[in-house]
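Participant: Next up, query06.cif (mmCIF, C-alpha atoms).
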data_my_file
#
loop_
_atom_site.group_PDB
_atom_site.id
_atom_site.type_symbol
_atom_site.label_atom_id
_atom_site.label_comp_id
_atom_site.auth_asym_id
_atom_site.auth_seq_id
_atom_site.Cartn_x
_atom_site.Cartn_y
_atom_site.Cartn_z
ATOM 1 C CA MET H 22 -216.715 -145.056 -54.825
ATOM 2 C CA THR H 23 -214.783 -142.137 -53.368
ATOM 3 C CA ALA H 24 -212.220 -141.166 -50.763
ATOM 4 C CA ASP H 25 -213.696 -140.838 -47.299
ATOM 5 C CA ARG H 26 -211.325 -138.067 -46.214
ATOM 6 C CA LEU H 27 -209.686 -135.056 -47.902
ATOM 7 C CA LEU H 28 -206.593 -133.229 -46.672
ATOM 8 C CA LEU H 29 -206.330 -130.067 -48.777
ATOM 9 C CA TRP H 30 -202.852 -128.676 -48.166
ATOM 10 C CA ARG H 31 -201.542 -125.236 -49.086
ATOM 11 C CA HIS H 32 -197.923 -125.009 -50.229
ATOM 12 C CA GLY H 33 -195.154 -123.667 -48.008
ATOM 13 C CA ARG H 34 -193.833 -120.118 -48.087
ATOM 14 C CA THR H 35 -192.238 -118.611 -51.184
ATOM 15 C CA ALA H 36 -190.214 -115.449 -51.748
ATOM 16 C CA SER H 37 -193.348 -113.912 -53.267
ATOM 17 C CA ASN H 38 -195.362 -114.711 -50.139
ATOM 18 C CA ARG H 39 -192.628 -113.091 -48.073
ATOM 19 C CA GLY H 40 -192.543 -110.063 -50.380
ATOM 20 C CA ASP H 41 -196.338 -109.545 -50.394
ATOM 21 C CA ARG H 42 -196.396 -110.281 -54.120
ATOM 22 C CA TYR H 43 -199.174 -111.880 -56.208
ATOM 23 C CA GLN H 44 -198.037 -115.162 -57.750
ATOM 24 C CA GLY H 45 -201.128 -116.480 -59.493
ATOM 25 C CA GLN H 46 -199.986 -119.133 -61.930
ATOM 26 C CA LEU H 47 -196.362 -117.988 -62.062
ATOM 27 C CA ASP H 48 -194.066 -120.895 -61.178
ATOM 28 C CA VAL H 49 -192.382 -119.696 -57.985
ATOM 29 C CA PRO H 50 -190.456 -122.229 -55.835
ATOM 30 C CA LEU H 51 -190.523 -122.572 -52.064
ATOM 31 C CA ASP H 52 -188.011 -120.516 -50.120
ATOM 32 C CA ASP H 53 -185.881 -121.969 -47.303
ATOM 33 C CA VAL H 54 -188.546 -121.258 -44.685
ATOM 34 C CA GLY H 55 -191.172 -122.894 -46.885
ATOM 35 C CA ARG H 56 -189.087 -126.051 -47.163
ATOM 36 C CA VAL H 57 -188.849 -126.289 -43.375
ATOM 37 C CA GLN H 58 -192.597 -125.670 -43.101
ATOM 38 C CA VAL H 59 -193.517 -128.480 -45.478
ATOM 39 C CA LYS H 60 -191.089 -130.888 -43.833
ATOM 40 C CA ASP H 61 -192.752 -130.205 -40.473
ATOM 41 C CA ALA H 62 -196.203 -130.488 -42.028
ATOM 42 C CA ALA H 63 -195.308 -133.776 -43.723
ATOM 43 C CA GLU H 64 -194.405 -135.258 -40.345
ATOM 44 C CA LEU H 65 -197.841 -134.329 -38.988
ATOM 45 C CA LEU H 66 -199.662 -135.533 -42.097
ATOM 46 C CA ALA H 67 -197.879 -138.887 -41.998
ATOM 47 C CA ILE H 68 -199.240 -139.338 -38.482
ATOM 48 C CA GLU H 69 -202.714 -138.279 -39.639
ATOM 49 C CA LEU H 70 -202.672 -140.904 -42.388
ATOM 50 C CA GLY H 71 -201.875 -143.559 -39.788
ATOM 51 C CA GLY H 72 -201.228 -146.357 -42.261
ATOM 52 C CA ARG H 73 -204.548 -145.874 -44.106
ATOM 53 C CA PRO H 74 -204.734 -146.115 -47.918
ATOM 54 C CA PHE H 75 -203.971 -142.732 -49.485
ATOM 55 C CA ARG H 76 -203.133 -140.933 -52.693
ATOM 56 C CA ILE H 77 -201.191 -137.692 -53.145
ATOM 57 C CA VAL H 78 -202.183 -135.237 -55.875
ATOM 58 C CA SER H 79 -200.627 -131.843 -56.562
ATOM 59 C CA SER H 80 -200.873 -128.759 -58.676
ATOM 60 C CA ASP H 81 -198.171 -128.879 -61.335
ATOM 61 C CA LEU H 82 -196.653 -125.592 -60.111
ATOM 62 C CA SER H 83 -193.351 -126.244 -58.359
ATOM 63 C CA ARG H 84 -194.245 -124.732 -54.981
ATOM 64 C CA ALA H 85 -197.160 -127.146 -54.623
ATOM 65 C CA TYR H 86 -195.310 -130.116 -56.121
ATOM 66 C CA GLU H 87 -192.345 -129.557 -53.795
ATOM 67 C CA THR H 88 -194.816 -129.456 -50.900
ATOM 68 C CA ALA H 89 -196.416 -132.748 -51.966
ATOM 69 C CA LEU H 90 -192.992 -134.297 -52.461
ATOM 70 C CA ALA H 91 -192.085 -133.699 -48.807
ATOM 71 C CA LEU H 92 -194.833 -136.145 -47.793
ATOM 72 C CA ALA H 93 -194.379 -138.488 -50.758
ATOM 73 C CA THR H 94 -190.656 -138.889 -50.047
ATOM 74 C CA ARG H 95 -191.316 -139.640 -46.398
ATOM 75 C CA LEU H 96 -193.897 -142.303 -47.275
ATOM 76 C CA ASP H 97 -192.210 -143.599 -50.456
ATOM 77 C CA ALA H 98 -195.300 -142.762 -52.516
ATOM 78 C CA PRO H 99 -195.884 -141.228 -55.969
ATOM 79 C CA VAL H 100 -197.346 -137.792 -56.677
ATOM 80 C CA THR H 101 -199.886 -137.207 -59.446
ATOM 81 C CA THR H 102 -199.893 -133.666 -60.872
ATOM 82 C CA ASP H 103 -202.957 -131.874 -62.211
ATOM 83 C CA PRO H 104 -202.918 -128.348 -63.728
ATOM 84 C CA GLN H 105 -206.580 -127.892 -62.716
ATOM 85 C CA LEU H 106 -205.278 -127.514 -59.146
ATOM 86 C CA ARG H 107 -203.249 -124.401 -59.991
ATOM 87 C CA GLU H 108 -203.735 -121.143 -58.123
ATOM 88 C CA ILE H 109 -206.257 -118.544 -59.240
ATOM 89 C CA PHE H 110 -205.065 -116.752 -62.383
ATOM 90 C CA VAL H 111 -204.639 -113.103 -61.412
ATOM 91 C CA GLY H 112 -203.964 -111.729 -64.891
ATOM 92 C CA ARG H 113 -202.001 -108.492 -65.004
ATOM 93 C CA TRP H 114 -201.463 -108.599 -61.223
ATOM 94 C CA GLN H 115 -199.128 -111.581 -61.488
ATOM 95 C CA GLY H 116 -195.710 -110.721 -60.104
ATOM 96 C CA LEU H 117 -196.840 -107.374 -58.632
ATOM 97 C CA ARG H 118 -196.714 -106.355 -54.980
ATOM 98 C CA ARG H 119 -199.972 -105.588 -53.218
ATOM 99 C CA PRO H 120 -199.042 -101.911 -52.500
ATOM 100 C CA ASP H 121 -198.298 -101.387 -56.204
ATOM 101 C CA VAL H 122 -201.631 -102.901 -57.253
ATOM 102 C CA ALA H 123 -203.430 -100.787 -54.634
ATOM 103 C CA ALA H 124 -201.829 -97.635 -56.060
ATOM 104 C CA ALA H 125 -202.426 -98.527 -59.718
ATOM 105 C CA GLU H 126 -205.947 -99.987 -59.442
ATOM 106 C CA PRO H 127 -207.449 -98.755 -56.157
ATOM 107 C CA GLU H 128 -211.086 -99.663 -56.916
ATOM 108 C CA ALA H 129 -210.316 -103.183 -58.166
ATOM 109 C CA PHE H 130 -207.908 -103.767 -55.285
ATOM 110 C CA ALA H 131 -210.478 -102.576 -52.729
ATOM 111 C CA ALA H 132 -213.093 -104.930 -54.209
ATOM 112 C CA TRP H 133 -210.659 -107.882 -53.988
ATOM 113 C CA GLN H 134 -209.696 -106.998 -50.401
ATOM 114 C CA ALA H 135 -213.379 -106.743 -49.455
ATOM 115 C CA GLY H 136 -213.884 -110.311 -50.684
ATOM 116 C CA GLU H 137 -215.917 -109.490 -53.771
ATOM 117 C CA ASP H 138 -215.998 -112.112 -56.506
ATOM 118 C CA VAL H 139 -214.190 -110.015 -59.104
ATOM 119 C CA ALA H 140 -212.066 -111.103 -62.061
ATOM 120 C CA VAL H 141 -208.695 -110.509 -60.432
ATOM 121 C CA GLY H 142 -206.424 -108.443 -62.675
ATOM 122 C CA GLY H 143 -208.647 -109.424 -65.583
ATOM 123 C CA GLY H 144 -208.067 -113.103 -64.810
ATOM 124 C CA GLU H 145 -210.278 -115.513 -62.858
ATOM 125 C CA ARG H 146 -212.913 -114.909 -60.227
ATOM 126 C CA ARG H 147 -212.496 -116.649 -56.876
ATOM 127 C CA SER H 148 -215.638 -118.659 -57.586
ATOM 128 C CA GLU H 149 -214.197 -119.832 -60.912
ATOM 129 C CA ALA H 150 -210.892 -120.923 -59.385
ATOM 130 C CA GLY H 151 -212.746 -122.650 -56.549
ATOM 131 C CA ALA H 152 -215.064 -124.518 -58.912
ATOM 132 C CA ARG H 153 -212.113 -125.620 -61.058
ATOM 133 C CA ALA H 154 -210.135 -126.901 -58.082
ATOM 134 C CA ALA H 155 -213.178 -128.539 -56.458
ATOM 135 C CA ALA H 156 -213.984 -130.426 -59.663
ATOM 136 C CA ALA H 157 -210.406 -131.714 -59.783
ATOM 137 C CA VAL H 158 -210.546 -132.783 -56.131
ATOM 138 C CA GLU H 159 -213.840 -134.627 -56.689
ATOM 139 C CA ALA H 160 -212.468 -136.390 -59.772
ATOM 140 C CA HIS H 161 -209.379 -137.625 -57.939
ATOM 141 C CA ALA H 162 -211.420 -138.583 -54.862
ATOM 142 C CA ALA H 163 -213.704 -140.665 -57.101
ATOM 143 C CA SER H 164 -210.732 -142.807 -58.127
ATOM 144 C CA LEU H 165 -210.392 -144.086 -54.530
ATOM 145 C CA ASP H 166 -212.521 -146.655 -52.752
ATOM 146 C CA GLY H 167 -212.230 -145.192 -49.266
ATOM 147 C CA GLY H 168 -208.961 -143.901 -47.844
ATOM 148 C CA VAL H 169 -207.493 -140.422 -47.862
ATOM 149 C CA LEU H 170 -206.831 -138.019 -50.715
ATOM 150 C CA VAL H 171 -204.054 -135.521 -49.986
ATOM 151 C CA VAL H 172 -204.089 -132.514 -52.322
ATOM 152 C CA ALA H 173 -201.233 -129.991 -52.418
ATOM 153 C CA SER H 174 -202.424 -126.756 -53.975
ATOM 154 C CA HIS H 175 -202.756 -123.017 -53.351
ATOM 155 C CA GLY H 176 -204.458 -120.599 -50.989
ATOM 156 C CA ALA H 177 -207.207 -118.997 -53.060
ATOM 157 C CA ALA H 178 -207.921 -122.126 -55.100
ATOM 158 C CA LEU H 179 -208.253 -124.295 -51.994
ATOM 159 C CA ARG H 180 -210.308 -121.792 -50.031
ATOM 160 C CA GLY H 181 -212.764 -121.602 -52.912
ATOM 161 C CA ALA H 182 -212.703 -125.375 -53.380
ATOM 162 C CA VAL H 183 -213.557 -126.021 -49.725
ATOM 163 C CA LEU H 184 -216.597 -123.734 -50.000
ATOM 164 C CA GLN H 185 -217.722 -125.542 -53.154
ATOM 165 C CA LEU H 186 -217.223 -128.969 -51.582
ATOM 166 C CA LEU H 187 -219.239 -127.928 -48.524
ATOM 167 C CA GLY H 188 -222.127 -126.958 -50.772
ATOM 168 C CA TYR H 189 -222.051 -123.173 -50.642
ATOM 169 C CA PRO H 190 -223.847 -122.031 -53.805
ATOM 170 C CA GLN H 191 -221.593 -119.065 -54.493
ATOM 171 C CA TRP H 192 -218.397 -117.390 -53.288
ATOM 172 C CA SER H 193 -218.852 -116.715 -49.554
ATOM 173 C CA PRO H 194 -215.923 -114.576 -48.375
ATOM 174 C CA HIS H 195 -216.833 -114.427 -44.682
ATOM 175 C CA VAL H 196 -217.215 -118.173 -44.035
ATOM 176 C CA LEU H 197 -213.524 -119.142 -44.146
ATOM 177 C CA GLY H 198 -210.337 -117.149 -43.719
ATOM 178 C CA ALA H 199 -207.179 -117.570 -45.763
ATOM 179 C CA LEU H 200 -205.249 -120.830 -45.457
ATOM 180 C CA ARG H 201 -201.807 -120.325 -43.941
ATOM 181 C CA ASN H 202 -198.725 -121.573 -45.734
ATOM 182 C CA ALA H 203 -198.202 -125.334 -45.211
ATOM 183 C CA HIS H 204 -201.593 -125.695 -43.455
ATOM 184 C CA TRP H 205 -204.566 -127.715 -44.589
ATOM 185 C CA ALA H 206 -208.316 -128.220 -44.492
ATOM 186 C CA ASP H 207 -209.587 -131.594 -43.234
ATOM 187 C CA LEU H 208 -212.867 -132.839 -44.729
ATOM 188 C CA SER H 209 -214.625 -136.168 -44.211
ATOM 189 C CA ARG H 210 -217.393 -137.897 -46.117
ATOM 190 C CA ARG H 211 -220.753 -138.188 -44.360
ATOM 191 C CA GLY H 212 -223.229 -139.919 -46.637
ATOM 192 C CA ASP H 213 -223.349 -137.881 -49.828
ATOM 193 C CA ARG H 214 -221.803 -134.751 -48.316
ATOM 194 C CA TRP H 215 -218.403 -133.410 -47.311
ATOM 195 C CA VAL H 216 -218.098 -132.083 -43.752
ATOM 196 C CA LEU H 217 -215.338 -129.763 -42.514
ATOM 197 C CA ASP H 218 -213.521 -131.299 -39.531
ATOM 198 C CA GLY H 219 -210.587 -128.890 -39.373
ATOM 199 C CA TYR H 220 -209.266 -125.744 -41.061
ATOM 200 C CA ASN H 221 -205.814 -124.155 -40.877
ATOM 201 C CA VAL H 222 -204.429 -127.316 -39.313
ATOM 202 C CA GLY H 223 -200.657 -127.542 -39.439
ATOM 203 C CA PRO H 224 -197.257 -126.713 -37.983
ATOM 204 C CA PRO H 225 -196.622 -123.563 -35.918
ATOM 205 C CA ARG H 226 -194.334 -122.008 -38.541
ATOM 206 C CA GLY H 227 -197.206 -121.373 -40.963
ATOM 207 C CA ALA H 228 -198.063 -117.749 -41.814
ATOM 208 C CA PRO H 229 -201.047 -116.356 -43.716
ATOM 209 C CA GLY H 230 -199.232 -115.197 -46.882
ATOM 210 C CA VAL H 231 -200.991 -113.307 -49.694
ATOM 211 C CA GLU H 232 -203.694 -115.253 -51.556
ATOM 212 C CA GLY H 233 -203.175 -115.399 -55.307
#
Spell out the structure here as structure tokens.

Facilitator:
Amino acid sequence: MTADRLLLWRHGRTASNRGDRYQGQLDVPLDDVGRVQVKDAAELLAIELGGRPFRIVSSDLSRAYETALALATRLDAPVTTDPQLREIFVGRWQGLRRPDVAAAEPEAFAAWQAGEDVAVGGGERRSEAGARAAAAVEAHAASLDGGVLVVASHGAALRGAVLQLLGYPQWSPHVLGALRNAHWADLSRRGDRWVLDGYNVGPPRGAPGVEG
């Protein structure tokens, strides 16, 4: 028993995204542009759901919850929150701008930018955040008998989760790019496997934004 489709949705833009600042697990709300982005995305997602059974799950951080709420309000549906869907924990980099991190920790920053699976700012590795988020997605999917699971979460966590769900054995930085704000990955169930049907699907206002 499981969902037969996953829509893994990154939150809309925040002031930290706009300011090139690492958020990690800091609780940063959407900015005005982000709220427009998620409203537009919710309209598209409602069409995608097309009256099928669905469930909406979100990270408990406000930028993801506010994103999920845009769809839940439109469809008069509840949102379940799960802290396992939080963004990668970036340790001492939380709240810092990328140029400042690059100046203070050039080797660690270069490794992160190159896609290496490093413990970011002394926090989590991308593979660890991806495994955590993927396990949460699988657990919520298993509570459905068919239908669609919509998950509102974060860029690095979702990118890593998609790789895990597709069966990549380790962090693979060159398979998928970053998810844009308010965009999603579309996966469907084929037998005992998840298959990627779409990536970076969403409204035209989405922008890449800094992961983490």

Participant: To one decimal place, how far is atom CA of H:His195 from atom CA of H:Ser174 in Å?

Facilitator: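 If I compute the distance from atom CA of H:His195 to atom CA of H:Ser174, I get 21.1 Å.
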
Participant: Show me, as a Markdown table, the residues of stretch 30-71 of chain H having an atom within 10 Å of stretch 204-219 of chain H, each with the closest atom pair and its distance in Å, using all atoms listed in the file.

Facilitator:
| residue | atom | partner | partner_atom | distance |
| --- | --- | --- | --- | --- |
| H:Trp30 | CA | H:Trp205 | CA | 4.1 |
| H:Arg31 | CA | H:His204 | CA | 5.6 |
| H:His32 | CA | H:His204 | CA | 7.7 |
| H:Gly33 | CA | H:His204 | CA | 8.1 |
| H:Gln58 | CA | H:His204 | CA | 9.0 |
| H:Val59 | CA | H:His204 | CA | 8.8 |
| H:Ala62 | CA | H:His204 | CA | 7.4 |
| H:Leu66 | CA | H:Trp205 | CA | 9.6 |

Participant: Given the file shown, enumerate the residues that the PyMOL selection byres ((chain H and resi 112-126) around 10) captures and present them as a PyMOL selection string.

Facilitator: chain H and resi 37-38+40-47+49+109-111+127-131+134+140-145+231+233

Participant: Just how far from atom CA of H:Ala162 is atom CA of H:Asp138, in Å to one decimal?

Facilitator: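 These two atoms are separated by 26.9 Å.
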
Participant: In Å, rounded to a single decimal, give me how far atom CA of H:Pro225 is from atom CA of H:Pro50.

Facilitator: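 Computed distance, atom CA of H:Pro50 to atom CA of H:Pro225, equals 20.9 Å.
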
Participant: From the set H:Ala155, H:Ala132, H:Val171, H:Arg201, which residue has the shortest atom-to-atom contact distance to H:Ala98, counting all atoms listed in the file?

Facilitator: H:Val171

Participant: Taking all atoms listed in the file into account, name the residue in H:Val57, H:Ala135, H:Ile68, H:Val169 that is nearest to H:Ala91.

Facilitator: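 Looking only at the distances to H:Ala91, the closest residue turns out to be H:Val57.
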
Participant: Specify as a count of residues only each residue included when the PyMOL selection byres ((chain H and resi 150) around 9) is applied to this file.

Facilitator: 21

Participant: Pick from H:Leu96, H:Leu200, H:Leu51, H:Leu28: nearest to H:Ala67, with all atoms listed in the file counted?

Facilitator: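 Smallest distance to H:Ala67 is found for H:Leu96.
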
Participant: If the PyMOL selection byres ((chain H and resi 52) around 7) is run on the structure shown, which residues does it catch, given as a list of chain:residue names?

Facilitator: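 Output from the PyMOL selection byres ((chain H and resi 52) around 7), applied to this file: H:Arg34, H:Thr35, H:Ala36, H:Pro50, H:Leu51, H:Asp53, H:Val54, H:Gly55, H:Arg56.
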
Participant: Give the answer as one residue: which of H:Arg26, H:His161, H:Arg39, H:Lys60 has the shortest atom-to-atom distance to H:Pro224, using all atoms listed in the file?

Facilitator: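 Smallest separation from H:Pro224 among the options: H:Lys60.
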
Participant: Which residues are near H:Thr101? Cut-off 8 Å, only C-alpha atoms, ignore same chain within fewer than 3 positions. Put them as a PDB file with C-alpha atoms, in the frame of the given file.

Facilitator:
ATOM      1  CA  ILE H  77    -201.191-137.692 -53.145  1.00  0.00           C
ATOM      2  CA  VAL H  78    -202.183-135.237 -55.875  1.00  0.00           C
ATOM      3  CA  SER H  79    -200.627-131.843 -56.562  1.00  0.00           C
TER       4      SER H  79
END
